[in-house]
$ cat model.txt   # compact mmCIF, C-alpha atoms and all ligand atoms
# COMPACT_ATOMS: atom_id res chain seq x y z
CA MET U 1 123.27 85.44 107.57
CA TRP U 2 122.60 89.15 107.38
CA THR U 3 124.33 91.31 109.89
CA ARG U 4 122.78 94.43 111.36
CA GLU U 5 125.02 97.22 110.19
CA PRO U 6 125.56 100.41 112.16
CA PHE U 7 123.03 102.91 110.88
CA ALA U 8 123.64 106.62 110.44
CA LEU U 9 120.25 108.27 110.51
CA TRP U 10 121.10 111.27 108.42
CA SER U 11 123.72 109.94 106.12
CA VAL U 12 122.60 107.90 103.17
CA THR U 13 125.66 108.66 101.09
CA ALA U 14 126.45 104.96 100.81
CA LEU U 15 123.23 104.50 98.88
CA GLY U 16 124.04 107.38 96.58
CA LEU U 17 121.10 109.39 97.87
CA GLY U 18 123.20 112.37 98.87
CA ALA U 19 123.85 113.69 102.32
CA GLN U 20 120.18 114.47 102.91
CA ARG U 21 119.20 114.59 106.53
CA MET U 22 116.93 111.62 107.19
CA SER U 23 115.51 112.51 110.55
CA GLU U 24 114.88 115.46 112.80
CA GLY U 25 115.32 115.64 116.54
CA ALA U 26 116.10 112.45 118.43
CA ILE U 27 118.06 109.63 116.83
CA TYR U 28 116.40 106.28 117.38
CA LYS U 29 118.50 103.17 117.13
CA ALA U 30 117.37 99.70 116.10
CA GLY U 31 116.21 97.19 118.68
CA TRP U 32 113.83 99.35 120.70
CA THR U 33 110.84 97.86 122.53
CA LEU U 34 107.46 99.21 123.65
CA ASP U 35 108.97 99.72 127.11
CA ASP U 36 111.42 102.26 125.68
CA VAL U 37 108.59 104.62 124.71
CA ASP U 38 107.79 107.38 127.22
CA TRP U 39 104.05 106.63 127.38
CA ALA U 40 103.67 108.80 130.51
CA ALA U 41 104.30 111.87 128.36
CA PHE U 42 100.96 111.40 126.58
CA ASP U 43 99.03 114.66 126.25
CA ALA U 44 95.37 114.14 125.28
CA SER U 45 94.93 117.85 124.56
CA LYS U 46 97.33 117.55 121.63
CA VAL U 47 95.59 114.65 119.87
CA ASP U 48 94.38 115.55 116.39
CA HIS U 49 91.23 113.65 115.35
CA ASP U 50 92.15 113.28 111.69
CA LEU U 51 95.63 112.07 112.50
CA LEU U 52 94.17 109.61 115.02
CA CYS U 53 92.05 108.07 112.23
CA ALA U 54 95.17 107.63 110.09
CA VAL U 55 97.16 106.14 112.98
CA LYS U 56 94.46 103.53 113.65
CA ALA U 57 94.55 102.42 110.00
CA ALA U 58 98.35 102.29 109.96
CA ALA U 59 98.36 100.11 113.09
CA LEU U 60 96.25 97.46 111.35
CA VAL U 61 98.40 97.39 108.21
CA GLU U 62 101.57 97.06 110.28
CA LEU U 63 100.11 94.26 112.38
CA ASN U 64 99.42 92.29 109.21
CA ALA U 65 103.15 91.78 108.57
CA PRO U 66 103.25 88.05 109.47
CA ASP U 67 101.38 87.25 106.25
CA TYR U 68 104.07 89.11 104.29
CA VAL U 69 106.75 87.18 106.18
CA VAL U 70 105.18 83.87 105.16
CA TYR U 71 104.96 85.07 101.57
CA LEU U 72 108.55 86.39 101.41
CA LYS U 73 109.93 83.24 103.05
CA ARG U 74 108.14 81.24 100.37
CA VAL U 75 109.82 83.36 97.69
CA TYR U 76 113.31 83.01 99.20
CA ALA U 77 113.28 79.63 100.96
CA ASP U 78 114.85 77.56 98.18
CA THR U 79 117.05 80.23 96.65
CA ARG U 80 118.27 82.69 99.29
CA PRO U 81 118.04 80.95 102.68
CA ASP U 82 120.60 83.48 103.92
CA ALA U 83 117.87 86.15 103.69
CA ILE U 84 115.32 84.28 105.82
CA PRO U 85 116.50 85.42 109.30
CA ALA U 86 116.49 89.06 108.14
CA ILE U 87 112.97 88.68 106.73
CA GLU U 88 111.76 87.20 110.02
CA HIS U 89 113.37 90.00 112.01
CA TRP U 90 111.82 92.56 109.66
CA GLY U 91 108.38 91.07 110.32
CA THR U 92 108.88 91.26 114.08
CA GLU U 93 109.69 94.96 113.84
CA GLU U 94 106.66 95.66 111.63
CA VAL U 95 104.36 93.98 114.15
CA GLN U 96 105.89 96.11 116.89
CA HIS U 97 105.05 99.18 114.83
CA GLY U 98 101.42 98.07 114.80
CA LEU U 99 101.41 97.44 118.55
CA ALA U 100 102.99 100.83 119.29
CA LEU U 101 100.60 102.74 117.03
CA GLY U 102 97.65 100.73 118.35
CA ARG U 103 98.57 101.40 121.96
CA TRP U 104 98.82 105.11 121.24
CA ALA U 105 95.43 105.03 119.46
CA GLU U 106 93.83 103.24 122.44
CA MET U 107 95.20 105.96 124.74
CA ALA U 108 93.89 108.69 122.44
CA ASP U 109 90.51 107.01 121.95
CA PRO U 110 89.52 104.57 124.75
CA THR U 111 86.66 103.25 122.58
CA PHE U 112 89.18 101.95 120.06
CA LYS U 113 90.14 98.31 120.56
CA LEU U 114 93.15 97.27 118.51
CA ASP U 115 92.53 93.52 118.70
CA ALA U 116 88.90 93.74 117.58
CA ALA U 117 89.67 96.17 114.77
CA PHE U 118 92.51 93.95 113.56
CA GLN U 119 90.27 90.89 113.50
CA ARG U 120 87.80 92.77 111.33
CA PHE U 121 90.60 93.89 109.02
CA ARG U 122 91.87 90.32 108.70
CA ALA U 123 88.38 89.04 107.94
CA GLY U 124 87.92 91.51 105.09
CA TYR U 125 91.39 91.80 103.56
CA ARG U 126 93.57 88.93 102.39
CA PRO U 127 95.33 89.35 99.03
CA ALA U 128 95.62 86.29 96.79
CA HIS U 129 99.41 86.16 96.81
CA PHE U 130 99.34 85.49 100.55
CA THR U 131 97.57 82.20 100.00
CA ALA U 132 98.65 80.90 96.59
CA GLY U 133 101.68 80.46 94.33
CA ASP U 134 105.37 79.85 94.90
CA GLY U 135 107.37 82.72 93.44
CA SER U 136 107.12 86.47 93.70
CA VAL U 137 104.07 88.23 92.31
CA ARG U 138 106.61 90.69 90.86
CA GLY U 139 107.94 88.01 88.51
CA SER U 140 111.42 87.73 90.04
CA ARG U 141 113.26 88.12 93.32
CA ARG U 142 114.82 91.32 92.03
CA GLY U 143 111.35 92.63 91.27
CA GLU U 144 110.19 91.62 94.73
CA MET U 145 112.99 93.58 96.38
CA ILE U 146 112.37 96.65 94.20
CA ALA U 147 108.75 96.56 95.33
CA ARG U 148 109.79 96.15 98.98
CA CYS U 149 112.18 99.09 98.67
CA VAL U 150 109.35 101.21 97.25
CA VAL U 151 107.13 100.25 100.19
CA GLU U 152 109.81 101.04 102.77
CA SER U 153 110.54 104.35 101.00
CA GLY U 154 106.86 105.15 101.41
CA THR U 155 106.60 104.13 105.04
CA SER U 156 109.83 105.87 106.03
CA SER U 157 108.57 109.10 104.48
CA TYR U 158 105.07 108.68 105.88
CA TYR U 159 106.15 108.22 109.49
CA SER U 160 108.65 111.06 109.13
CA ALA U 161 105.76 113.25 107.97
CA MET U 162 103.60 112.00 110.84
CA ARG U 163 106.36 112.74 113.35
CA ASP U 164 106.77 116.26 111.98
CA ALA U 165 103.01 116.92 111.84
CA THR U 166 101.97 115.99 115.36
CA ALA U 167 102.32 118.07 118.51
CA GLU U 168 101.49 115.06 120.70
CA PRO U 169 104.81 114.01 122.28
CA VAL U 170 104.24 110.25 122.47
CA LEU U 171 103.09 109.96 118.87
CA ARG U 172 106.03 112.10 117.87
CA GLU U 173 108.36 109.63 119.56
CA VAL U 174 106.60 106.53 118.22
CA ALA U 175 106.51 107.87 114.65
CA GLY U 176 110.17 108.88 114.90
CA ARG U 177 111.18 105.42 116.07
CA ILE U 178 109.16 103.77 113.30
CA ALA U 179 110.49 106.10 110.58
CA ALA U 180 114.03 105.14 111.55
CA ASP U 181 113.13 101.43 111.44
CA GLU U 182 111.53 101.83 108.01
CA PHE U 183 114.66 103.41 106.62
CA ARG U 184 116.71 100.51 107.96
CA HIS U 185 114.22 98.14 106.30
CA TYR U 186 114.82 99.95 103.03
CA GLN U 187 118.56 99.45 103.50
CA LEU U 188 118.01 95.76 104.26
CA PHE U 189 115.94 95.09 101.14
CA TYR U 190 118.29 97.17 99.00
CA LYS U 191 121.14 95.01 100.23
CA ILE U 192 119.26 91.82 99.36
CA LEU U 193 118.55 93.31 95.92
CA THR U 194 122.16 94.22 95.23
CA THR U 195 123.51 90.83 96.33
CA GLU U 196 121.02 88.95 94.15
CA THR U 197 122.38 86.22 91.87
CA GLU U 198 119.48 86.51 89.45
CA PRO U 199 120.20 88.27 86.13
CA GLU U 200 119.83 92.04 86.23
CA LEU U 201 116.45 93.35 85.06
CA PRO U 202 116.16 95.78 82.15
CA LEU U 203 115.54 99.36 83.19
CA TRP U 204 112.01 99.42 81.83
CA ARG U 205 111.14 96.38 83.96
CA LYS U 206 112.55 97.94 87.14
CA ILE U 207 110.58 101.11 86.56
CA TYR U 208 107.47 99.07 85.75
CA VAL U 209 107.72 97.14 89.04
CA ALA U 210 108.27 100.33 91.06
CA VAL U 211 105.40 102.20 89.43
CA THR U 212 103.11 99.18 89.73
CA ARG U 213 103.82 98.94 93.44
CA VAL U 214 103.16 102.65 93.93
CA ASN U 215 99.82 102.23 92.19
CA GLU U 216 98.89 99.35 94.48
CA ALA U 217 98.55 101.91 97.23
CA GLU U 218 95.13 102.26 95.62
CA ASP U 219 94.08 98.73 96.49
CA ASP U 220 92.00 97.63 99.45
CA GLU U 221 94.79 97.39 102.01
CA LEU U 222 94.85 101.00 103.18
CA SER U 223 91.23 101.83 102.46
CA TYR U 224 89.87 98.71 104.18
CA ALA U 225 92.22 99.23 107.11
CA TYR U 226 90.85 102.75 107.43
CA TYR U 227 87.29 101.39 107.37
CA ALA U 228 87.94 98.55 109.87
CA ALA U 229 89.80 100.89 112.20
CA ASN U 230 87.34 103.77 112.16
CA VAL U 231 83.88 102.29 111.67
CA PRO U 232 82.86 100.22 114.71
CA ALA U 233 81.45 96.73 114.17
CA ASP U 234 77.95 97.76 115.26
CA LYS U 235 77.86 100.47 112.59
CA THR U 236 78.90 98.42 109.56
CA ALA U 237 75.31 97.66 108.50
CA GLU U 238 74.44 101.32 108.18
CA ILE U 239 77.93 102.36 106.99
CA PRO U 240 79.04 99.74 104.42
CA TYR U 241 82.54 99.54 103.01
CA VAL U 242 83.04 101.27 99.67
CA ARG U 243 86.64 101.18 98.47
CA LYS U 244 86.59 104.50 96.67
CA THR U 245 84.99 106.28 99.59
CA TYR U 246 87.43 104.97 102.18
CA ALA U 247 90.44 105.34 99.91
CA ARG U 248 89.52 109.00 99.66
CA ALA U 249 89.01 109.18 103.41
CA TYR U 250 92.40 107.66 104.08
CA HIS U 251 94.11 109.98 101.61
CA SER U 252 92.44 113.04 103.06
CA LYS U 253 93.81 112.19 106.52
CA ALA U 254 97.22 110.86 105.52
CA MET U 255 98.33 112.99 102.59
CA VAL U 256 97.85 116.25 104.44
CA LEU U 257 100.76 115.26 106.70
CA TYR U 258 103.35 115.52 103.95
CA ARG U 259 105.58 118.45 103.23
CA ARG U 260 107.54 118.73 100.03
CA HIS U 261 110.83 117.54 101.54
CA HIS U 262 109.18 114.28 102.65
CA ILE U 263 108.12 113.61 99.06
CA ASP U 264 111.55 114.47 97.70
CA LYS U 265 113.07 111.97 100.10
CA LEU U 266 110.53 109.30 99.17
CA VAL U 267 111.16 109.65 95.44
CA LYS U 268 114.94 109.67 95.85
CA MET U 269 114.79 106.47 97.88
CA ALA U 270 112.41 104.73 95.46
CA ALA U 271 114.37 105.86 92.38
CA LYS U 272 117.59 104.13 93.39
CA PRO U 273 116.39 100.48 93.29
CA ALA U 274 114.38 101.30 90.14
CA GLY U 275 117.67 102.05 88.40
CA LEU U 276 117.24 105.82 88.21
CA ASN U 277 119.55 108.55 89.40
CA PRO U 278 118.04 109.78 92.71
CA SER U 279 119.29 113.28 91.94
CA GLY U 280 118.50 113.18 88.23
CA ARG U 281 115.91 114.96 86.15
CA ILE U 282 113.44 112.06 86.03
CA SER U 283 113.45 111.82 89.82
CA ALA U 284 112.91 115.56 90.13
CA LEU U 285 109.99 115.44 87.69
CA ALA U 286 108.50 112.43 89.50
CA SER U 287 108.79 114.22 92.82
CA ALA U 288 107.04 117.31 91.45
CA ALA U 289 104.27 115.18 89.93
CA LEU U 290 103.75 113.14 93.10
CA TRP U 291 103.62 116.30 95.18
CA ARG U 292 100.86 117.66 92.94
CA VAL U 293 98.87 114.40 93.23
CA LEU U 294 99.21 114.24 97.01
CA SER U 295 98.33 117.90 97.43
CA HIS U 296 95.16 117.25 95.46
CA ARG U 297 94.29 114.17 97.49
CA ALA U 298 94.92 115.94 100.75
CA GLY U 299 91.89 118.05 99.90
CA ALA U 300 89.66 115.08 99.02
CA PRO U 301 86.30 114.84 100.81
CA THR U 302 86.08 112.57 103.84
CA ALA U 303 83.91 109.53 104.59
CA PRO U 304 81.42 108.70 107.31
CA VAL U 305 82.84 107.30 110.53
CA SER U 306 81.19 106.64 113.83
CA PRO U 307 80.74 109.55 116.23
CA ARG U 308 82.31 107.22 118.79
CA THR U 309 85.71 107.85 117.28
CA ALA U 310 87.41 110.55 119.26
FE FE O 1 106.42 99.44 109.71
FE FE O 2 109.14 98.55 107.24
$ encode --input "model.txt" --output "structure tokens" --more "lines below"
Ligand SMILES: [Fe+2]
Ligand SMILES: [Fe+2]
Amino acid sequence: MWTREPFALWSVTALGLGAQRMSEGAIYKAGWTLDDVDWAAFDASKVDHDLLCAVKAAALVELNAPDYVVYLKRVYADTRPDAIPAIEHWGTEEVQHGLALGRWAEMADPTFKLDAAFQRFRAGYRPAHFTAGDGSVRGSRRGEMIARCVVESGTSSYYSAMRDATAEPVLREVAGRIAADEFRHYQLFYKILTTETEPELPLWRKIYVAVTRVNEAEDDELSYAYYAANVPADKTAEIPYVRKTYARAYHSKAMVLYRRHHIDKLVKMAAKPAGLNPSGRISALASAALWRVLSHRAGAPTAPVSPRTA
């Protein structure tokens, strides 16, 4: 069974990522609950509309974690039963992220109803690997864990960027707590990867899995979550879902949060499980390229949403 190791928020030396500081301000430990958040500190005057749209979408994606738990348990059930309790615990924390973000969004926009928006998201988004097949869609358990590490690198960086971008104190706390959890998730999946009994993958295959997972950020998950979260049910007839439109809308709200150091951290984290030197030249080039792409997307045009959204 996996043990929960003590976690140093700003030391990732053990992972070979350097002594980069991983968080700013408060240090949030694992095992927090919604009751630990200082909801009374909410300041409506500091809510940013664009950020609110992004938070609503993130809440829906996080809440969808139980489907990933079922999928990952299917991948590991017969081969790595020791990983199952950690996967279940991971899913519980992801759901809590969705509940925390959703509660904040309902405070910021009383017309937003998390449950209803989530039901609409579930009705419109269900990837095939949730419902079919036995093994990992990445071709191996090692590939699965590389992909999971890439995702947790992305979420850790994203919520760090969100925390640093907002002046609203409750969102700042919630995003800080989630960013710390996401980094611990990265550590968890990296540990599962490095204790794997499967044969090592060739470097090209590791890079292929990592890049493929990064590119899947283009699929319907984020764009449909943005649509379901920001276009009310009674407006869907006049404002239909168009993937490209809502992918652009999501990017225009989310990518603007990043600063260069968030991207550097993301690439360093993702490079390690892909078999690359986090501080090497390829990582530096990838970071520069990703920064250029995100900067471009941050300026992408937005999409129609209901005037009911705050
Ligand atoms: Fe999460
Ligand atoms: Fe996570």
$ residues_around --input "model.txt" --residues "stretch 282-286 of chain U" --least-positions-apart "4" --cutoff "10 Å" --atoms "only C-alpha atoms" --output "PyMOL selection string"
chain U and resi 263-264+267-272+276-278+290-292
$ write_last_selection --input "model.txt" --atoms "C-alpha atoms" --output "PDB file, keeping the file's coordinate frame"
ATOM      1  CA  ILE U 263     108.120 113.610  99.060  1.00  0.00           C
ATOM      2  CA  ASP U 264     111.550 114.470  97.700  1.00  0.00           C
ATOM      3  CA  VAL U 267     111.160 109.650  95.440  1.00  0.00           C
ATOM      4  CA  LYS U 268     114.940 109.670  95.850  1.00  0.00           C
ATOM      5  CA  MET U 269     114.790 106.470  97.880  1.00  0.00           C
ATOM      6  CA  ALA U 270     112.410 104.730  95.460  1.00  0.00           C
ATOM      7  CA  ALA U 271     114.370 105.860  92.380  1.00  0.00           C
ATOM      8  CA  LYS U 272     117.590 104.130  93.390  1.00  0.00           C
ATOM      9  CA  LEU U 276     117.240 105.820  88.210  1.00  0.00           C
ATOM     10  CA  ASN U 277     119.550 108.550  89.400  1.00  0.00           C
ATOM     11  CA  PRO U 278     118.040 109.780  92.710  1.00  0.00           C
ATOM     12  CA  LEU U 290     103.750 113.140  93.100  1.00  0.00           C
ATOM     13  CA  TRP U 291     103.620 116.300  95.180  1.00  0.00           C
ATOM     14  CA  ARG U 292     100.860 117.660  92.940  1.00  0.00           C
TER      15      ARG U 292
END
$ closest_residue --input "model.txt" --among "U:Thr194, U:Thr111, U:Thr92, U:Thr212" --to "ligand FE 1 (chain O)" --atoms "all atoms listed in the file"
U:Thr92
$ closest_residue --input "model.txt" --among "U:Met162, U:Val214, U:Ile178, U:Cys149" --to "U:Ala254" --atoms "all atoms listed in the file"
U:Met162
$ residues_around --input "model.txt" --residues "U:Arg126" --least-positions-apart "5" --cutoff "10 Å" --atoms "only C-alpha atoms" --output "list in words"
Asn64, Asp67, Phe121, Thr131, Asp220 and Glu221 of chain U
$ residues_near_ligand --input "model.txt" --ligand "ligand FE 1 (chain O)" --cutoff "7 Å" --atoms "all atoms listed in the file" --output "MDAnalysis selection string"
chainID U and resid 62 93:94 97 155 178 182
$ write_last_selection --input "model.txt" --atoms "C-alpha atoms" --output "mmCIF file, keeping the file's coordinate frame"
data_model
loop_
_atom_site.group_PDB
_atom_site.id
_atom_site.type_symbol
_atom_site.label_atom_id
_atom_site.label_comp_id
_atom_site.auth_asym_id
_atom_site.auth_seq_id
_atom_site.Cartn_x
_atom_site.Cartn_y
_atom_site.Cartn_z
ATOM 1 C CA GLU U 62 101.570 97.060 110.280
ATOM 2 C CA GLU U 93 109.690 94.960 113.840
ATOM 3 C CA GLU U 94 106.660 95.660 111.630
ATOM 4 C CA HIS U 97 105.050 99.180 114.830
ATOM 5 C CA THR U 155 106.600 104.130 105.040
ATOM 6 C CA ILE U 178 109.160 103.770 113.300
ATOM 7 C CA GLU U 182 111.530 101.830 108.010
#
$ atom_distance --input "model.txt" --atom1 "atom CA of U:Asp115" --atom2 "atom CA of U:Gly98"
10.7 Å
$ closest_residue --input "model.txt" --among "U:Arg172, U:Arg243, U:Arg260, U:Arg141" --to "U:Lys46" --atoms "all atoms listed in the file"
U:Arg172
$ closest_atom_pairs --input "model.txt" --of "chain U" --to "ligand FE 2 (chain O)" --cutoff "12 Å" --atoms "all atoms listed in the file" --output "JSON lines"
{"residue": "U:Ala58", "atom": "CA", "partner": "O:FE2", "partner_atom": "FE", "distance": 11.7}
{"residue": "U:Val61", "atom": "CA", "partner": "O:FE2", "partner_atom": "FE", "distance": 10.8}
{"residue": "U:Glu62", "atom": "CA", "partner": "O:FE2", "partner_atom": "FE", "distance": 8.3}
{"residue": "U:Leu63", "atom": "CA", "partner": "O:FE2", "partner_atom": "FE", "distance": 11.2}
{"residue": "U:Asn64", "atom": "CA", "partner": "O:FE2", "partner_atom": "FE", "distance": 11.7}
{"residue": "U:Ala65", "atom": "CA", "partner": "O:FE2", "partner_atom": "FE", "distance": 9.1}
{"residue": "U:Tyr68", "atom": "CA", "partner": "O:FE2", "partner_atom": "FE", "distance": 11.1}
{"residue": "U:Val69", "atom": "CA", "partner": "O:FE2", "partner_atom": "FE", "distance": 11.7}
{"residue": "U:Ile87", "atom": "CA", "partner": "O:FE2", "partner_atom": "FE", "distance": 10.6}
{"residue": "U:Glu88", "atom": "CA", "partner": "O:FE2", "partner_atom": "FE", "distance": 12.0}
{"residue": "U:His89", "atom": "CA", "partner": "O:FE2", "partner_atom": "FE", "distance": 10.7}
{"residue": "U:Trp90", "atom": "CA", "partner": "O:FE2", "partner_atom": "FE", "distance": 7.0}
{"residue": "U:Gly91", "atom": "CA", "partner": "O:FE2", "partner_atom": "FE", "distance": 8.1}
{"residue": "U:Thr92", "atom": "CA", "partner": "O:FE2", "partner_atom": "FE", "distance": 10.0}
{"residue": "U:Glu93", "atom": "CA", "partner": "O:FE2", "partner_atom": "FE", "distance": 7.5}
{"residue": "U:Glu94", "atom": "CA", "partner": "O:FE2", "partner_atom": "FE", "distance": 5.8}
{"residue": "U:Val95", "atom": "CA", "partner": "O:FE2", "partner_atom": "FE", "distance": 9.6}
{"residue": "U:Gln96", "atom": "CA", "partner": "O:FE2", "partner_atom": "FE", "distance": 10.5}
{"residue": "U:His97", "atom": "CA", "partner": "O:FE2", "partner_atom": "FE", "distance": 8.6}
{"residue": "U:Gly98", "atom": "CA", "partner": "O:FE2", "partner_atom": "FE", "distance": 10.8}
{"residue": "U:Arg148", "atom": "CA", "partner": "O:FE2", "partner_atom": "FE", "distance": 8.6}
{"residue": "U:Cys149", "atom": "CA", "partner": "O:FE2", "partner_atom": "FE", "distance": 9.1}
{"residue": "U:Val150", "atom": "CA", "partner": "O:FE2", "partner_atom": "FE", "distance": 10.3}
{"residue": "U:Val151", "atom": "CA", "partner": "O:FE2", "partner_atom": "FE", "distance": 7.5}
{"residue": "U:Glu152", "atom": "CA", "partner": "O:FE2", "partner_atom": "FE", "distance": 5.2}
{"residue": "U:Ser153", "atom": "CA", "partner": "O:FE2", "partner_atom": "FE", "distance": 8.6}
{"residue": "U:Gly154", "atom": "CA", "partner": "O:FE2", "partner_atom": "FE", "distance": 9.1}
{"residue": "U:Thr155", "atom": "CA", "partner": "O:FE2", "partner_atom": "FE", "distance": 6.5}
{"residue": "U:Ser156", "atom": "CA", "partner": "O:FE2", "partner_atom": "FE", "distance": 7.5}
{"residue": "U:Ser157", "atom": "CA", "partner": "O:FE2", "partner_atom": "FE", "distance": 10.9}
{"residue": "U:Tyr158", "atom": "CA", "partner": "O:FE2", "partner_atom": "FE", "distance": 11.0}
{"residue": "U:Tyr159", "atom": "CA", "partner": "O:FE2", "partner_atom": "FE", "distance": 10.4}
{"residue": "U:Arg177", "atom": "CA", "partner": "O:FE2", "partner_atom": "FE", "distance": 11.4}
{"residue": "U:Ile178", "atom": "CA", "partner": "O:FE2", "partner_atom": "FE", "distance": 8.0}
{"residue": "U:Ala179", "atom": "CA", "partner": "O:FE2", "partner_atom": "FE", "distance": 8.4}
{"residue": "U:Ala180", "atom": "CA", "partner": "O:FE2", "partner_atom": "FE", "distance": 9.3}
{"residue": "U:Asp181", "atom": "CA", "partner": "O:FE2", "partner_atom": "FE", "distance": 6.5}
{"residue": "U:Glu182", "atom": "CA", "partner": "O:FE2", "partner_atom": "FE", "distance": 4.1}
{"residue": "U:Phe183", "atom": "CA", "partner": "O:FE2", "partner_atom": "FE", "distance": 7.4}
{"residue": "U:Arg184", "atom": "CA", "partner": "O:FE2", "partner_atom": "FE", "distance": 7.9}
{"residue": "U:His185", "atom": "CA", "partner": "O:FE2", "partner_atom": "FE", "distance": 5.2}
{"residue": "U:Tyr186", "atom": "CA", "partner": "O:FE2", "partner_atom": "FE", "distance": 7.2}
{"residue": "U:Gln187", "atom": "CA", "partner": "O:FE2", "partner_atom": "FE", "distance": 10.2}
{"residue": "U:Leu188", "atom": "CA", "partner": "O:FE2", "partner_atom": "FE", "distance": 9.8}
{"residue": "U:Phe189", "atom": "CA", "partner": "O:FE2", "partner_atom": "FE", "distance": 9.8}
$ residues_around --input "model.txt" --residues "U:Leu257" --least-positions-apart "6" --cutoff "10 Å" --atoms "only C-alpha atoms" --output "PyMOL selection string"
chain U and resi 51+158-166+251+294-295+298
$ closest_residue --input "model.txt" --among "U:Thr197, U:Gly280, U:Pro127, U:Thr236" --to "U:Arg80" --atoms "only C-alpha atoms"
U:Thr197
